[in-house]
$ cat my_file.cif   # mmCIF, C-alpha atoms
data_input
#
loop_
_atom_site.label_atom_id
_atom_site.label_comp_id
_atom_site.auth_asym_id
_atom_site.auth_seq_id
_atom_site.Cartn_x
_atom_site.Cartn_y
_atom_site.Cartn_z
CA MET E 139 -3.80 -51.53 -29.96
CA ALA E 140 -5.72 -48.24 -30.29
CA LYS E 141 -7.37 -48.94 -26.94
CA THR E 142 -3.96 -49.43 -25.29
CA ASN E 143 -2.76 -46.12 -26.75
CA TRP E 144 -5.82 -44.27 -25.46
CA ARG E 145 -5.35 -45.84 -22.06
CA ARG E 146 -1.69 -44.86 -22.00
CA LEU E 147 -2.58 -41.31 -23.05
CA ALA E 148 -5.20 -41.07 -20.29
CA VAL E 149 -2.74 -42.32 -17.65
CA TRP E 150 -0.15 -39.82 -18.86
CA SER E 151 -2.59 -36.95 -18.84
CA ALA E 152 -3.64 -37.81 -15.30
CA PHE E 153 0.00 -37.99 -14.21
CA ILE E 154 0.86 -34.61 -15.78
CA ALA E 155 -2.28 -33.06 -14.24
CA LEU E 156 -1.31 -34.44 -10.81
CA LEU E 157 2.20 -32.98 -11.07
CA LEU E 158 0.83 -29.60 -12.17
CA LEU E 159 -1.65 -29.64 -9.30
CA ILE E 160 1.15 -30.31 -6.82
CA GLU E 161 3.17 -27.49 -8.39
CA PHE E 162 0.40 -24.91 -8.35
CA VAL E 163 -1.53 -25.78 -5.15
CA PRO E 164 0.58 -25.00 -2.06
CA LEU E 165 -1.64 -27.23 0.09
CA LEU E 166 -0.59 -30.27 -1.90
CA GLN E 167 3.08 -29.40 -1.35
CA ARG E 168 2.75 -29.99 2.40
CA PRO E 169 4.06 -33.57 2.29
CA LEU E 170 7.15 -32.17 0.53
CA ALA E 171 7.82 -29.60 3.28
CA PRO E 172 10.54 -31.61 5.15
CA PHE E 173 12.39 -32.20 1.87
CA MET E 174 12.09 -28.53 0.99
CA ARG E 175 13.50 -27.50 4.38
CA ALA E 176 16.38 -29.94 3.97
CA SER E 177 16.92 -28.58 0.49
CA ALA E 178 17.09 -24.98 1.78
CA TYR E 179 19.73 -25.94 4.40
CA LEU E 180 21.76 -27.83 1.84
CA GLU E 181 21.45 -25.00 -0.64
CA GLY E 182 22.81 -22.44 1.84
CA GLY E 183 25.68 -24.71 2.80
CA LEU E 184 26.55 -25.52 -0.79
CA TYR E 185 26.47 -21.85 -1.76
CA ARG E 186 28.88 -20.94 1.04
CA VAL E 187 31.22 -23.82 0.23
CA THR E 188 31.31 -23.09 -3.50
CA ASN E 189 31.73 -19.37 -2.92
CA SER E 190 34.69 -19.93 -0.65
CA ALA E 191 36.08 -22.51 -3.10
CA ARG E 192 35.81 -19.99 -5.90
CA GLN E 193 37.62 -17.36 -3.87
CA ARG E 194 40.39 -19.82 -3.06
CA ILE E 195 40.77 -20.76 -6.73
CA GLU E 196 40.85 -17.09 -7.74
CA ARG E 197 43.48 -16.44 -5.09
CA LEU E 198 45.48 -19.34 -6.43
CA ILE E 199 45.23 -18.31 -10.08
CA ILE E 200 45.35 -14.52 -9.93
CA GLY E 201 47.47 -14.14 -6.83
CA HIS E 202 45.01 -12.13 -4.77
CA ASP E 203 41.40 -12.37 -3.73
CA THR E 204 39.52 -10.63 -6.55
CA SER E 205 36.13 -11.25 -4.97
CA SER E 206 37.16 -9.51 -1.75
CA ARG E 207 38.66 -6.71 -3.81
CA ILE E 208 35.42 -6.31 -5.79
CA VAL E 209 33.38 -6.27 -2.57
CA GLU E 210 35.75 -3.66 -1.10
CA LEU E 211 35.57 -1.49 -4.23
CA GLU E 212 31.79 -1.80 -4.39
CA SER E 213 31.48 -0.64 -0.78
CA ARG E 214 33.81 2.29 -1.51
CA LEU E 215 31.71 3.16 -4.55
CA SER E 216 28.54 3.20 -2.43
CA LEU E 217 30.28 5.45 0.11
CA LEU E 218 31.48 7.82 -2.63
CA THR E 219 27.97 7.93 -4.14
CA LEU E 220 26.63 8.92 -0.72
CA HIS E 221 29.32 11.61 -0.35
CA GLN E 222 28.56 12.93 -3.82
CA ALA E 223 24.83 13.16 -3.05
CA ARG E 224 25.66 15.01 0.16
CA LEU E 225 27.99 17.40 -1.72
CA VAL E 226 25.27 18.18 -4.29
CA SER E 227 22.82 18.87 -1.47
CA LEU E 228 25.37 21.10 0.35
CA GLU E 229 26.12 22.98 -2.87
CA GLU E 230 22.43 23.65 -3.39
CA GLU E 231 22.07 24.77 0.22
CA ASN E 232 25.09 27.04 -0.16
CA GLN E 233 23.59 28.69 -3.25
CA ASN E 234 20.28 29.23 -1.44
CA LEU E 235 22.06 30.77 1.57
CA ARG E 236 24.00 33.10 -0.73
CA ARG E 237 20.79 34.16 -2.46
CA LEU E 238 19.11 34.78 0.91
CA LEU E 239 22.11 36.84 2.06
CA ASP E 240 22.10 38.87 -1.16
CA PHE E 241 18.36 39.48 -0.79
CA GLN E 242 18.76 40.51 2.85
CA GLU E 243 21.59 42.93 1.98
CA SER E 244 19.82 44.42 -1.03
CA ARG E 245 16.59 45.02 0.92
CA GLY E 246 18.20 45.99 4.20
CA LEU E 247 16.08 43.47 6.05
CA SER E 248 16.92 41.65 9.24
CA THR E 249 16.23 37.97 8.58
CA ILE E 250 17.33 34.58 9.82
CA ALA E 251 17.73 31.46 7.70
CA ALA E 252 15.64 28.48 8.75
CA ARG E 253 15.58 24.91 7.51
CA VAL E 254 12.24 23.35 6.59
CA ILE E 255 11.92 20.36 8.90
CA GLY E 256 8.34 19.25 8.40
CA LYS E 257 5.92 18.87 5.54
CA ASP E 258 2.83 17.17 6.85
CA PRO E 259 0.72 15.57 4.08
CA ARG E 260 -2.35 16.02 6.33
CA ALA E 261 -1.72 19.78 6.48
CA PRO E 262 -0.31 20.58 3.04
CA ALA E 263 -0.71 24.32 3.52
CA GLU E 264 1.69 24.44 6.48
CA LEU E 265 5.45 24.02 6.92
CA ARG E 266 7.41 23.50 10.13
CA LEU E 267 10.65 25.47 10.38
CA ALA E 268 13.69 24.86 12.56
CA ALA E 269 13.68 28.32 14.16
CA GLY E 270 11.57 29.62 17.04
CA SER E 271 11.27 32.41 19.56
CA ARG E 272 14.86 31.88 20.78
CA SER E 273 16.02 32.97 17.31
CA GLY E 274 13.74 36.01 17.37
CA VAL E 275 10.88 34.61 15.30
CA ARG E 276 7.49 36.25 15.96
CA SER E 277 3.98 35.32 15.03
CA GLY E 278 2.85 37.11 11.84
CA ALA E 279 6.38 37.37 10.42
CA ALA E 280 6.89 36.99 6.69
CA VAL E 281 8.66 33.88 5.42
CA ILE E 282 10.63 34.37 2.22
CA SER E 283 12.04 31.90 -0.33
CA PRO E 284 15.71 32.06 -1.43
CA ASN E 285 14.64 33.91 -4.60
CA GLY E 286 12.86 36.60 -2.56
CA ALA E 287 9.21 35.56 -2.97
CA LEU E 288 6.74 35.50 -0.11
CA VAL E 289 6.18 31.90 1.07
CA GLY E 290 3.74 32.48 3.92
CA ILE E 291 3.20 33.95 7.35
CA VAL E 292 4.39 32.49 10.68
CA ALA E 293 1.33 31.28 12.61
CA GLU E 294 2.68 29.44 15.65
CA VAL E 295 5.98 29.99 17.40
CA GLY E 296 7.66 27.52 19.72
CA GLN E 297 11.02 27.93 21.43
CA GLU E 298 12.95 26.05 18.74
CA THR E 299 10.46 25.62 15.90
CA SER E 300 7.68 27.52 14.25
CA VAL E 301 4.80 26.76 11.90
CA VAL E 302 4.30 28.80 8.79
CA ARG E 303 0.94 29.10 7.04
CA LEU E 304 1.51 29.09 3.30
CA LEU E 305 -0.31 31.48 0.99
CA GLY E 306 -2.71 28.68 0.11
CA HIS E 307 -3.86 28.23 3.72
CA ARG E 308 -7.53 29.10 4.23
CA LEU E 309 -6.68 31.44 7.15
CA THR E 310 -3.88 33.36 5.39
CA GLN E 311 -4.75 36.94 4.40
CA VAL E 312 -2.11 39.33 3.06
CA PRO E 313 -2.64 42.89 1.84
CA VAL E 314 -1.16 43.09 -1.66
CA ARG E 315 -0.94 45.43 -4.62
CA VAL E 316 -0.19 45.21 -8.31
CA LEU E 317 3.33 46.29 -9.18
CA ASP E 318 3.55 49.72 -10.89
CA LYS E 319 -0.22 50.33 -10.55
CA PRO E 320 -0.86 52.45 -7.44
CA GLN E 321 -4.66 52.17 -7.73
CA ALA E 322 -4.66 48.39 -7.84
CA PHE E 323 -4.53 46.90 -4.37
CA GLY E 324 -6.48 44.18 -2.63
CA LEU E 325 -6.43 41.30 -0.23
CA LEU E 326 -4.82 37.95 -1.00
CA GLU E 327 -6.64 34.95 0.42
CA SER E 328 -7.13 31.31 -0.38
CA SER E 329 -10.49 30.28 -1.77
CA GLY E 330 -11.27 27.24 0.40
CA GLY E 331 -7.61 26.29 0.32
CA LEU E 332 -7.92 25.50 -3.41
CA SER E 333 -6.81 28.60 -5.33
CA LEU E 334 -5.29 31.97 -4.51
CA ARG E 335 -7.73 34.89 -4.94
CA LEU E 336 -7.27 38.63 -4.90
CA THR E 337 -10.38 40.27 -3.45
CA GLN E 338 -11.52 43.81 -2.72
CA ILE E 339 -9.74 45.28 -5.74
CA PRO E 340 -11.24 48.71 -6.59
CA LYS E 341 -13.50 48.70 -9.65
CA ASN E 342 -11.46 51.38 -11.40
CA ALA E 343 -8.14 49.51 -11.08
CA ASP E 344 -6.70 48.56 -14.46
CA ILE E 345 -5.49 44.99 -13.95
CA LYS E 346 -4.92 42.19 -16.45
CA PRO E 347 -3.53 38.63 -16.50
CA GLY E 348 0.26 38.55 -16.15
CA ASP E 349 0.46 41.54 -13.78
CA ILE E 350 2.90 40.97 -10.91
CA ILE E 351 1.53 41.01 -7.37
CA VAL E 352 3.66 42.24 -4.46
CA THR E 353 3.00 42.74 -0.75
CA GLY E 354 1.21 45.98 0.02
CA PHE E 355 1.55 48.03 3.18
CA ALA E 356 4.51 47.16 5.34
CA SER E 357 3.73 45.90 8.80
CA GLU E 358 6.19 45.25 11.63
CA VAL E 359 7.45 41.95 10.19
CA VAL E 360 6.01 41.81 6.63
CA PRO E 361 7.99 44.08 4.34
CA ALA E 362 6.35 45.85 1.40
CA ASN E 363 7.12 45.02 -2.25
CA LEU E 364 7.87 41.32 -1.73
CA THR E 365 6.97 39.36 -4.86
CA VAL E 366 3.92 37.15 -4.30
CA GLY E 367 2.72 35.93 -7.69
CA ALA E 368 1.15 36.84 -11.02
CA ILE E 369 -2.49 37.40 -12.00
CA LEU E 370 -4.03 34.51 -13.93
CA SER E 371 -7.50 35.87 -14.64
CA VAL E 372 -9.66 38.87 -13.75
CA GLU E 373 -13.37 38.87 -12.86
CA ASN E 374 -15.15 42.20 -12.98
CA ASP E 375 -18.84 41.74 -12.15
CA PRO E 376 -20.76 44.91 -13.18
CA GLN E 377 -23.13 44.40 -10.22
CA GLY E 378 -20.35 43.88 -7.66
CA LEU E 379 -18.60 46.44 -5.50
CA TRP E 380 -15.13 45.12 -6.18
CA GLN E 381 -13.08 43.33 -8.83
CA GLU E 382 -11.63 39.90 -8.12
CA ALA E 383 -8.70 38.00 -9.64
CA THR E 384 -7.09 34.60 -9.49
CA MET E 385 -3.37 34.47 -8.77
CA ALA E 386 -0.60 31.93 -9.54
CA PRO E 387 2.15 31.71 -6.90
CA LEU E 388 5.79 31.99 -7.99
CA ILE E 389 7.18 29.26 -5.78
CA GLU E 390 6.42 25.61 -5.12
CA PRO E 391 6.46 25.27 -1.30
CA ALA E 392 6.98 21.49 -1.48
CA ALA E 393 10.38 22.08 -3.09
CA LEU E 394 11.65 24.40 -0.36
CA ASP E 395 14.37 23.24 2.01
CA LEU E 396 15.61 26.57 3.27
CA VAL E 397 13.77 29.86 3.86
CA ALA E 398 14.36 33.23 5.50
CA ILE E 399 12.16 34.61 8.29
CA VAL E 400 11.92 38.36 8.69
CA ILE E 401 12.61 39.28 12.31
CA ALA E 402 12.77 43.07 11.89
CA LEU E 403 12.43 45.59 9.12
CA MET W 98 20.11 -50.66 -13.91
CA THR W 99 21.76 -51.37 -10.58
CA LYS W 100 20.42 -50.32 -7.18
CA HIS W 101 23.33 -47.90 -6.80
CA TRP W 102 22.47 -46.17 -10.05
CA THR W 103 18.86 -45.76 -8.96
CA ILE W 104 19.94 -44.18 -5.65
CA PHE W 105 22.38 -41.94 -7.49
CA LEU W 106 19.69 -40.75 -9.90
CA ILE W 107 17.23 -40.04 -7.07
CA ILE W 108 19.91 -37.97 -5.29
CA LEU W 109 20.61 -36.20 -8.58
CA LEU W 110 16.91 -35.41 -8.95
CA PHE W 111 16.83 -34.00 -5.40
CA MET W 112 20.06 -32.02 -5.74
CA GLU W 113 19.62 -30.54 -9.21
CA PRO W 114 17.84 -27.27 -8.19
CA MET W 115 20.40 -26.78 -5.42
CA ALA W 116 23.21 -27.15 -7.94
CA ASP W 117 21.49 -24.51 -10.07
CA THR W 118 21.42 -22.02 -7.21
CA VAL W 119 25.08 -22.71 -6.48
CA MET W 120 26.09 -22.04 -10.10
CA PRO W 121 26.24 -18.22 -9.72
CA ALA W 122 28.80 -18.60 -6.93
CA LEU W 123 30.89 -20.94 -9.00
CA LEU W 124 30.82 -19.53 -12.53
CA PRO W 125 32.14 -16.26 -13.94
CA GLU W 126 29.68 -13.44 -14.68
CA ILE W 127 29.29 -14.30 -18.38
CA LEU W 128 28.05 -17.80 -17.58
CA ARG W 129 25.54 -16.81 -14.88
CA GLY W 130 22.20 -18.46 -15.62
CA THR W 131 23.74 -21.78 -16.64
CA SER W 132 21.46 -24.60 -15.58
CA LEU W 133 22.21 -28.26 -15.05
CA PHE W 134 18.66 -29.32 -15.80
CA PRO W 135 19.12 -29.98 -19.56
CA ALA W 136 22.08 -32.21 -18.65
CA PHE W 137 19.87 -33.88 -16.05
CA VAL W 138 17.32 -34.67 -18.79
CA ILE W 139 20.03 -36.19 -21.00
CA ILE W 140 21.43 -38.25 -18.11
CA MET W 141 17.98 -39.66 -17.43
CA PHE W 142 17.57 -40.43 -21.12
CA LEU W 143 20.85 -42.26 -21.28
CA PHE W 144 20.72 -44.27 -18.09
CA LEU W 145 17.12 -44.96 -17.14
CA PRO W 146 14.94 -47.75 -18.55
CA GLN W 147 12.51 -46.29 -21.11
CA PRO W 148 9.22 -46.31 -19.13
CA TRP W 149 10.81 -44.42 -16.24
CA ILE W 150 12.41 -41.65 -18.32
CA PRO W 151 9.43 -39.29 -18.73
CA ILE W 152 8.20 -39.92 -15.17
CA VAL W 153 11.53 -39.03 -13.56
CA ILE W 154 12.11 -36.06 -15.87
CA MET W 155 8.67 -34.55 -15.22
CA VAL W 156 8.92 -35.11 -11.45
CA GLY W 157 12.40 -33.53 -11.57
CA ALA W 158 11.00 -30.54 -13.47
CA MET W 159 8.19 -30.11 -10.95
CA TRP W 160 10.64 -30.36 -8.04
CA ARG W 161 12.92 -27.76 -9.65
CA ASP W 162 10.05 -25.31 -10.18
CA ILE W 163 8.90 -25.71 -6.57
CA ILE W 164 12.37 -25.28 -5.09
CA LEU W 165 13.28 -22.31 -7.31
CA LEU W 166 9.84 -20.71 -6.64
CA ALA W 167 9.25 -20.36 -10.38
CA HIS W 168 5.99 -18.89 -11.68
CA LEU W 169 3.89 -20.71 -14.29
CA ALA W 170 6.04 -23.88 -14.27
CA PRO W 171 8.79 -22.88 -16.75
CA THR W 172 10.90 -26.01 -16.22
CA PHE W 173 7.83 -28.24 -16.45
CA LEU W 174 6.82 -26.69 -19.77
CA GLY W 175 10.39 -26.66 -21.14
CA ALA W 176 11.09 -30.24 -20.07
CA GLY W 177 7.75 -31.41 -21.45
CA LEU W 178 8.49 -29.86 -24.83
CA ALA W 179 12.06 -31.25 -24.86
CA LEU W 180 10.74 -34.68 -23.94
CA VAL W 181 8.18 -34.70 -26.75
CA ILE W 182 10.87 -33.67 -29.25
CA LEU W 183 13.31 -36.31 -27.94
CA VAL W 184 10.74 -39.12 -28.06
CA LEU W 185 9.55 -38.18 -31.55
CA LEU W 186 13.07 -37.87 -32.93
CA LYS W 187 14.16 -41.14 -31.34
CA GLN W 188 11.27 -42.83 -33.10
CA PHE W 189 12.08 -41.38 -36.51
CA LEU W 190 15.88 -41.24 -36.44
CA THR W 191 17.19 -44.76 -36.01
CA ASN W 192 20.71 -43.86 -37.08
CA ARG W 193 22.90 -43.20 -34.01
CA SER W 194 25.74 -41.25 -35.60
CA LEU W 195 27.33 -38.39 -33.68
CA MET W 196 25.67 -35.96 -36.09
CA THR W 197 22.20 -37.43 -35.41
CA ASP W 198 22.74 -37.38 -31.66
CA GLY W 199 24.01 -33.81 -31.81
CA LEU W 200 21.02 -32.68 -33.89
CA THR W 201 18.56 -34.47 -31.62
CA VAL W 202 20.04 -32.87 -28.53
CA LEU W 203 20.15 -29.45 -30.20
CA LEU W 204 16.46 -29.63 -31.13
CA ALA W 205 15.43 -30.95 -27.72
CA TYR W 206 17.46 -28.21 -26.05
CA GLY W 207 15.80 -25.67 -28.35
CA GLY W 208 12.43 -27.04 -27.22
CA TYR W 209 13.43 -26.75 -23.58
CA VAL W 210 14.57 -23.12 -23.99
CA LEU W 211 11.43 -22.30 -25.99
CA GLY W 212 9.11 -23.82 -23.37
CA GLU W 213 10.90 -22.05 -20.52
CA ALA W 214 10.95 -18.75 -22.42
CA LEU W 215 7.25 -19.05 -23.19
CA SER W 216 6.40 -19.59 -19.55
CA LEU W 217 8.67 -16.77 -18.33
CA TRP W 218 7.28 -14.42 -20.98
CA LEU W 219 3.74 -15.26 -19.89
CA ALA W 220 4.72 -14.65 -16.25
CA LYS W 221 6.13 -11.27 -17.23
CA LEU W 222 3.01 -10.47 -19.23
CA LEU W 223 0.86 -11.26 -16.20
CA GLY W 224 3.15 -9.19 -13.97
CA LEU W 225 4.25 -12.19 -11.89
CA SER W 226 7.99 -11.90 -12.49
CA ASP W 227 10.58 -10.07 -14.53
CA GLU W 228 12.97 -12.85 -15.44
CA PRO W 229 13.04 -13.35 -19.22
CA GLN W 230 16.12 -11.14 -19.65
CA ARG W 231 18.11 -13.63 -17.57
CA LEU W 232 17.04 -16.53 -19.77
CA PHE W 233 18.56 -15.09 -22.92
CA MET W 234 22.09 -14.70 -21.67
CA VAL W 235 23.92 -16.10 -24.70
CA GLY W 236 26.91 -17.25 -22.63
CA ALA W 237 24.72 -19.36 -20.36
CA LEU W 238 22.75 -20.86 -23.26
CA ALA W 239 25.95 -21.81 -25.09
CA ALA W 240 27.52 -23.18 -21.90
CA ASN W 241 24.45 -25.32 -21.25
CA PHE W 242 24.55 -26.76 -24.74
CA VAL W 243 28.31 -27.42 -24.71
CA PHE W 244 27.92 -29.05 -21.32
CA ILE W 245 25.35 -31.58 -22.53
CA ILE W 246 27.19 -32.28 -25.79
CA VAL W 247 30.39 -33.02 -23.83
CA PHE W 248 28.35 -35.29 -21.59
CA ILE W 249 26.99 -37.19 -24.60
CA LEU W 250 30.48 -37.51 -26.10
CA ILE W 251 31.78 -39.05 -22.87
CA TRP W 252 28.81 -41.37 -22.72
CA ARG W 253 29.36 -42.47 -26.34
CA LEU W 254 32.99 -43.16 -25.54
CA TYR W 255 32.01 -45.56 -22.76
CA HIS W 256 29.08 -47.17 -24.60
CA PRO W 257 30.40 -47.83 -28.11
CA ASP W 258 28.17 -50.91 -28.46
CA GLU W 259 25.01 -48.77 -28.26
CA VAL W 260 26.08 -46.32 -30.94
CA SER W 261 27.64 -48.66 -33.49
CA HIS W 262 24.35 -50.02 -34.84
CA ASN W 263 20.72 -49.11 -35.29
CA PHE W 264 18.90 -50.44 -32.27
CA TYR W 265 15.30 -49.58 -33.06
#

$ encode --input "my_file.cif" --output "structure tokens"
Amino acid sequence: MAKTNWRRLAVWSAFIALLLLIEFVPLLQRPLAPFMRASAYLEGGLYRVTNSARQRIERLIIGHDTSSRIVELESRLSLLTLHQARLVSLEEENQNLRRLLDFQESRGLSTIAARVIGKDPRAPAELRLAAGSRSGVRSGAAVISPNGALVGIVAEVGQETSVVRLLGHRLTQVPVRVLDKPQAFGLLESSGGLSLRLTQIPKNADIKPGDIIVTGFASEVVPANLTVGAILSVENDPQGLWQEATMAPLIEPAALDLVAIVIAL
Amino acid sequence: MTKHWTIFLIILLFMEPMADTVMPALLPEILRGTSLFPAFVIIMFLFLPQPWIPIVIMVGAMWRDIILLAHLAPTFLGAGLALVILVLLKQFLTNRSLMTDGLTVLLAYGGYVLGEALSLWLAKLLGLSDEPQRLFMVGALAANFVFIIVFILIWRLYHPDEVSHNFY
């Protein structure tokens, strides 16, 4: 009796193991492939038939096709969501344009608005703008954010587009000064593209973390007194000829969609 | 069992996962997730000769898992657990009153849900799928149970000879 039970248990275990093997090993499911294909066809057909049957029943009971109505309303909802997203984006763009216009009027600058059309992950310190020489853009021109901070300097100009080198680009150099401290001026450059450094600051300049940095001498297309950033830390080596400082920028270039390019002062 | 019944049961075994995929198109939102498989288990228990019951149920469970592309064999585990509970209870409870049948089915169904939930939870834990929420839709669970109880009631109505005495 006990032997029969053990035998039965062994047969059952083997059967369960075989079924589990078939379920978990795709190779063993190959003989089932024709049945599975037939099942997929049948499934699709059955789904369509039952769906249409349900719609017919709903039409019969409720008087109109609720499923179609739901589908229609869902598609309208998607459309409205899209419109709303577009409106939010337009509103933001409108605010930025107003800010740029206010800035232009308050500073008496001649600028044009340009949309940011390219942010290349391989060149994170550059932006491509949708304005070129036909709009009056020149190489070396200052690019300004909607809140009036310096974004970078135009490096390449095409007919319809231009490339701006951000402050963090290793080739960008801008003469700057510390706001309200006439003795404190220097050169803004990027230290290997990693951090923004102020170099060649006179030893006697009284600078400290938190001081605001603005553009220094005005050139043809870079106005003076544009906000650039704030000092993070100061290094004054007693043996060195100059002081140096690290600077934090005021804007996040990745978040910019619209900028102004100075075309004349 | 007649030849026709055997053919019918084989077709049922083949069609069951398809019926499950069709359910969402047929049922209202609250009952989405209702499965015919527990009813399939009961049908097999009622109509098949004893030695064939576990074989057909386990093959059916495997087929359902393959067709529905389930991870970690939830139906297989659930059906296995339900089957063990059904066999054990049938051995101990010789009384075939409606109350006994109802309790047996309830416990077996509980075992099925538990086994399936365990497998789906494990699949979620291993990052294979994210389905357990669907399993615990109360409407679907209740609908499943009502469905099989109604089925048993109908069966009892047509087989009064098998429920009027203790047959073990």

$ residues_around --input "my_file.cif" --residues "region 131-137 of chain W" --least-positions-apart "5" --cutoff "10 Å" --atoms "all atoms listed in the file" --output "ChimeraX atom specification"
/W:106,109-110,113-121,124,142-143,154,157-158,161,172,175-176,179,202,205-206,209-210,231-232,234-249

$ interface_residues --input "my_file.cif" --of "chain E" --to "chain W" --cutoff "7 Å" --atoms "only C-alpha atoms" --output "ChimeraX atom specification"
/E:157,161,174,181,184-185,188-189,192

$ closest_residue --input "my_file.cif" --among "E:Ala402, E:Ile255, E:Val352, E:Val302" --to "Val289 (chain E)" --atoms "only C-alpha atoms"
E:Val302

$ residues_around --input "my_file.cif" --residues "region 225-232 of chain E" --least-positions-apart "4" --cutoff "10 Å" --atoms "only C-alpha atoms" --output "list in words"
Thr219, Leu220, His221, Arg236, Arg237, Leu238, Arg253, Pro284, Asp395 and Leu396 of chain E

$ resolve_selection --input "my_file.cif" --expression "the PyMOL selection byres ((chain E and resi 300) around 12)" --output "PDB file with C-alpha atoms, keeping the file's coordinate frame"
ATOM      1  CA  ALA E 252      15.640  28.480   8.750  1.00  0.00           C
ATOM      2  CA  ARG E 253      15.580  24.910   7.510  1.00  0.00           C
ATOM      3  CA  VAL E 254      12.240  23.350   6.590  1.00  0.00           C
ATOM      4  CA  ILE E 255      11.920  20.360   8.900  1.00  0.00           C
ATOM      5  CA  GLY E 256       8.340  19.250   8.400  1.00  0.00           C
ATOM      6  CA  GLU E 264       1.690  24.440   6.480  1.00  0.00           C
ATOM      7  CA  LEU E 265       5.450  24.020   6.920  1.00  0.00           C
ATOM      8  CA  ARG E 266       7.410  23.500  10.130  1.00  0.00           C
ATOM      9  CA  LEU E 267      10.650  25.470  10.380  1.00  0.00           C
ATOM     10  CA  ALA E 268      13.690  24.860  12.560  1.00  0.00           C
ATOM     11  CA  ALA E 269      13.680  28.320  14.160  1.00  0.00           C
ATOM     12  CA  GLY E 270      11.570  29.620  17.040  1.00  0.00           C
ATOM     13  CA  SER E 271      11.270  32.410  19.560  1.00  0.00           C
ATOM     14  CA  ARG E 272      14.860  31.880  20.780  1.00  0.00           C
ATOM     15  CA  SER E 273      16.020  32.970  17.310  1.00  0.00           C
ATOM     16  CA  GLY E 274      13.740  36.010  17.370  1.00  0.00           C
ATOM     17  CA  VAL E 275      10.880  34.610  15.300  1.00  0.00           C
ATOM     18  CA  ARG E 276       7.490  36.250  15.960  1.00  0.00           C
ATOM     19  CA  SER E 277       3.980  35.320  15.030  1.00  0.00           C
ATOM     20  CA  GLY E 278       2.850  37.110  11.840  1.00  0.00           C
ATOM     21  CA  ALA E 279       6.380  37.370  10.420  1.00  0.00           C
ATOM     22  CA  VAL E 281       8.660  33.880   5.420  1.00  0.00           C
ATOM     23  CA  ILE E 291       3.200  33.950   7.350  1.00  0.00           C
ATOM     24  CA  VAL E 292       4.390  32.490  10.680  1.00  0.00           C
ATOM     25  CA  ALA E 293       1.330  31.280  12.610  1.00  0.00           C
ATOM     26  CA  GLU E 294       2.680  29.440  15.650  1.00  0.00           C
ATOM     27  CA  VAL E 295       5.980  29.990  17.400  1.00  0.00           C
ATOM     28  CA  GLY E 296       7.660  27.520  19.720  1.00  0.00           C
ATOM     29  CA  GLN E 297      11.020  27.930  21.430  1.00  0.00           C
ATOM     30  CA  GLU E 298      12.950  26.050  18.740  1.00  0.00           C
ATOM     31  CA  THR E 299      10.460  25.620  15.900  1.00  0.00           C
ATOM     32  CA  VAL E 301       4.800  26.760  11.900  1.00  0.00           C
ATOM     33  CA  VAL E 302       4.300  28.800   8.790  1.00  0.00           C
ATOM     34  CA  ARG E 303       0.940  29.100   7.040  1.00  0.00           C
ATOM     35  CA  ILE E 399      12.160  34.610   8.290  1.00  0.00           C
TER      36      ILE E 399
END

$ closest_residue --input "my_file.cif" --among "W:Ile127, W:Leu145, W:Ile139, W:Ile251" --to "Ile104 (chain W)" --atoms "all atoms listed in the file"
W:Leu145

$ closest_residue --input "my_file.cif" --among "E:Leu388, E:Leu304, E:Ile199, E:Leu317" --to "Ala287 (chain E)" --atoms "only C-alpha atoms"
E:Leu388
